[in-house]
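Only one structure is covered here, and it is reproduced in the block below.
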Amino acid sequence: MGDFVLDTYDPGGFYCEMLGCPATAKIRDRLARMPTAEFKRRAAGVEQALYNLGITFTVYSDSQAIDRILPFDAIPRVLPPEEWDQIERGVKQRVTAINLLLADLYNSQHILKDGIVPADLILGNANWRPQMCGVKIPHNAYVNICGTDIIRDEKGTFRVLEDNARTPSGVSYVIENRHMMLRSFPDLVDEIGLRSVEDYGMHLVGAMREIAPSTSTGERQDPEIVLLSPGTYNSAYFEHVFLAREMGVPLVEGRDLVVEDNRVWMRTTAGLARVDVIYRRINDDFLDPEAFRPDSMLGVKGLMRAYFAGNVALANAIGTGVADDKAVYAYMPRIIRYYLDQDAILENVETNICREAPALRYTLDHLDELVVKPVGEAGGYGITIGPRASRVEIDECRTKLIADPANYISQPCISLSVSPTLIDGAVEPRHVDLRPFAITGKDTWVLPGGLTRVALRRGSLVVNSSQGGGSKDTWVLE
Amino acid sequence: MARFVERAENLARILEVHETYARDRSGARDWFSIVQLNADEEAFAEKHSTASARNVIRFYLNDRENPTSIFNSVKTARENGRTLRPLISTEMWVQLNVFYNRVSRIDDDELRPGALSPLLSDIKEACQSFTGITEGTFYRDQAWYFYRLGRYLERADQTTRLLDSKYYVLMRDTDVANMVNTGQWLALLRAASGYHAFRLLHQSDLTPWRIASFLLFNPSFPRSVFLCLREVDAAVTGLRSRYNLRGGYDVAEGLDQLRSILGTRSIEEVLADGLHEFLDFIQRYLMAITDRLGTAFFGHPPVKRAAWQDAELWPPLAATDAADLQIQSQA
């Protein structure tokens, strides 16, 4: 164990977010002078503070409910202004293209007629919502909140790993992590200009006002905005409360809302109050038992009728899941070119679409080199990482692929960049990714930085919180 | 007693928020603004040549010689508590002792970066515990009314100082016209624990004048000047009606006047005449109220302050009142 943070740190052969960036010199210098024991003590204090703040998710096992915090690593991930500039422009471009794609798909479908994207990939997709065809969306902002997962390869090139265009989560950690760093490591932050993450709630509520149906508010000056949560048992409930408070809007559950006369109302102590915009943290299929899953207890009966009548706005819109599908992802560079006549500012990871015969053949021949992902899953489930997989796992993967090739894509195994991370009192390299959050109303705004997730298990590439991941504060330098 | 606990809590709030949030774009913090906020420039300059983080924090946390330090506020609260021991509950007295022992033990190690925030949280919590214990155990007689008087007078004063400090800092910014330094204003709201309440009222329009208006005039925010004065007024009225205390007529009248000013003046008018001047006016008014309370209820001689002569500031004394005062001061 080194006496000072970074003493014994060795990133191995990976691209290191800290050492690879000249702009971090001042921060490195401070870490190099900070005793590891002191650093560890403060980091433990942060974890205690997160616990006291109740920034926890509940793990259920053996009929016991245990509150856990998302592990927090106090060594920040730093982005210099020029790198952030590229990410910010790239994310905006991508979100713009996704919204254009959705507007096209749910209206004239030029992109399908022009054969850029195979029609059956869209129209046969589980997240395709034919009910949305012809529905007008203000500013064509289908995806109001987008989380773009970005990784960095061994050369330091940023690449988009996937788009999260349904209900991306994690932004509350971005803001709370910053608060924690400012509280516990003020000496690390001193005289280093950081882009603020403070005004996310304000931008979010601003976008929600912009998408409010112009017909619904009538004489009321301000639209009524609510955040719809599945409730206290949801693992992201903390985030729902956090965002409602940051936006200054009521947090509601399905049972608090009622649809009458194709209008949405909220039950209050003073009777029913009209609702104009719903930031919903419930997936499409649970939103309205009348329109989607009839067994949903979380939704609001009749919500879709009000929505299609143009009396309420939903963020994100219904049917955005078709755009963040892992198979559609493969076409993203072509989609960007088609709508914007531009090259993608952020590259994709090279992707083999197994529904296409040559790609399937290539994938089956190179299973031990490739990462194979099911297209429908989220949260890092069902992924086979060829170079790490056992013989048995490779064979299982092969069987699944042959049985249902359209359900899979494969990608080369990328050596994700690493960031120095405190592990049991020593600082070791751990793989990280980045999820910037983009908010779109009339325009798109990107929160500086985003959620840096870190795979805490040695060598692990899976950063998801459900799979042993933690998070770091992301510093965008002024 | 109440005043000093309230003062310690406010100072802890200001230091905590300054330590954590009050950075400018280059990540620097201006610690001298805290010295200015408390009007301690001279006393500070006698001890320290630079307003470094370390010097300012030490000056306000555990400096035994600085009468405005948290240590001395808690010490004074405990001394007062000792005098009031027959009136206050045992739990209140215990909390004052525990608190005093806690702040006596603060050493340099606790002032380190990273350790300071938790320490300040502890101090704030100790004050809040005292407030809660008092609420739950203090016998509701005259003493309770005086306790409330002290607490809310001090809180009103602290809120004006907090607002004044940021106004001062922000007026030096180049972008005076807009005063768009959002981070600093958010820090101000957090210092007053008003961030979320404010966001409920104003979802997107986070302008400095709205924040100033909120801290001055909001009728429901527990630290707004308006609410604090309502509580002061209720306490004075209670003392006068329930306990038939004869003094304090001029205080009640003065409070009426100040409350009507706060109730009718718009933030636009305040800004047009100068926010600093308005805050200064309130502070002088509060001081005058404190002085007159001392005269009315505790037989302190009337204090002659320049501000008193200001006809604008205070309604002219009624002849009978003035005679009353003279009799009391002779007694």
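Chains: A, B, ... in order of the structure tokens. Residues: from 1 per chain. Ligands: from 1, in order shown.
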
Could you work out which residues of chain A fall inside 6 Å of chain B? Count only C-alpha atoms, and format the result as a short mmCIF file (atom, residue, chain, number, x, y, z; two decimals) with C-alpha atoms, in the first residue's frame.
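Resulting contents of part_35.cif:
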```
data_model
loop_
_atom_site.label_atom_id
_atom_site.label_comp_id
_atom_site.auth_asym_id
_atom_site.auth_seq_id
_atom_site.Cartn_x
_atom_site.Cartn_y
_atom_site.Cartn_z
CA LEU A 182 -17.12 19.64 -2.29
CA ARG A 183 -17.83 18.73 1.31
CA SER A 184 -15.11 16.22 1.89
CA PHE A 185 -12.35 17.23 -0.51
CA PRO A 186 -12.51 21.03 -0.67
CA ASP A 187 -8.71 21.15 -0.83
CA ASP A 190 -9.62 24.61 -4.57
CA GLU A 191 -8.72 26.97 -7.40
CA ILE A 192 -9.75 24.43 -10.01
CA GLY A 193 -12.57 25.77 -12.14
CA MET A 202 -33.84 24.09 -13.73
CA MET A 247 -37.62 20.73 -10.26
CA GLY A 248 -39.98 21.98 -7.57
#
```

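A straight line drawn from atom CA of B:Gln184 to atom CA of A:Leu194 is 14.1 Å long.
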
Fill in: Closest of A:Leu298, A:Val275, A:Leu364, A:Ala344 to A:Gly254 - atom-to-atom distances counting only C-alpha atoms
A:Leu298

Item to complete: Would you mind writing down, as a PyMOL selection string, each residue of stretch 3-46 of chain B that DSSP on the backbone assigns to helix (DSSP H, G or I)?
Response: chain B and resi 3-20+32-37+41-46

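For the set A:Pro250, A:Gly206, A:Pro35, A:Gly382, the residue with the smallest atom-to-atom gap to A:Gln467 is A:Gly382, counting only C-alpha atoms.
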
Worksheet item: So which one's closest to B:Gly299, B:Pro219, B:Gly248, B:Gly136, B:Pro86? Using only C-alpha atoms, please.
Response: B:Gly248

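Every protein or nucleic acid residue with an atom no more than 8 Å from stretch 268-280 of chain B, counting only C-alpha atoms and leaving out same-chain residues fewer than 2 positions away, appears here: B:Thr160, B:Arg161, B:Asp164, B:Tyr167, B:Tyr168, B:Trp209, B:Arg265, B:Ser266, B:Ile282, B:Gln283, B:Arg284.
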
Worksheet item: Within 8 Å of A:Cys133, counting only C-alpha atoms, which residues qualify if same-chain residues fewer than 3 places away don't, as a PyMOL selection string?
Response: chain A and resi 105-107+129-130

Item to complete: Write out as a PyMOL selection string which residues come within 8 Å of stretch 52-66 of chain B when counting only C-alpha atoms, dropping same-chain ones fewer than 3 positions away.
Response: chain B and resi 11+15+31-32+34-35+43-44+48+69-72+103-104+106-107+111

Practice prompt. Find the distance between atom CA of A:Glu154 and atom CA of A:Ser415 and write it in Å to one decimal.
Written response: 5.6 Å
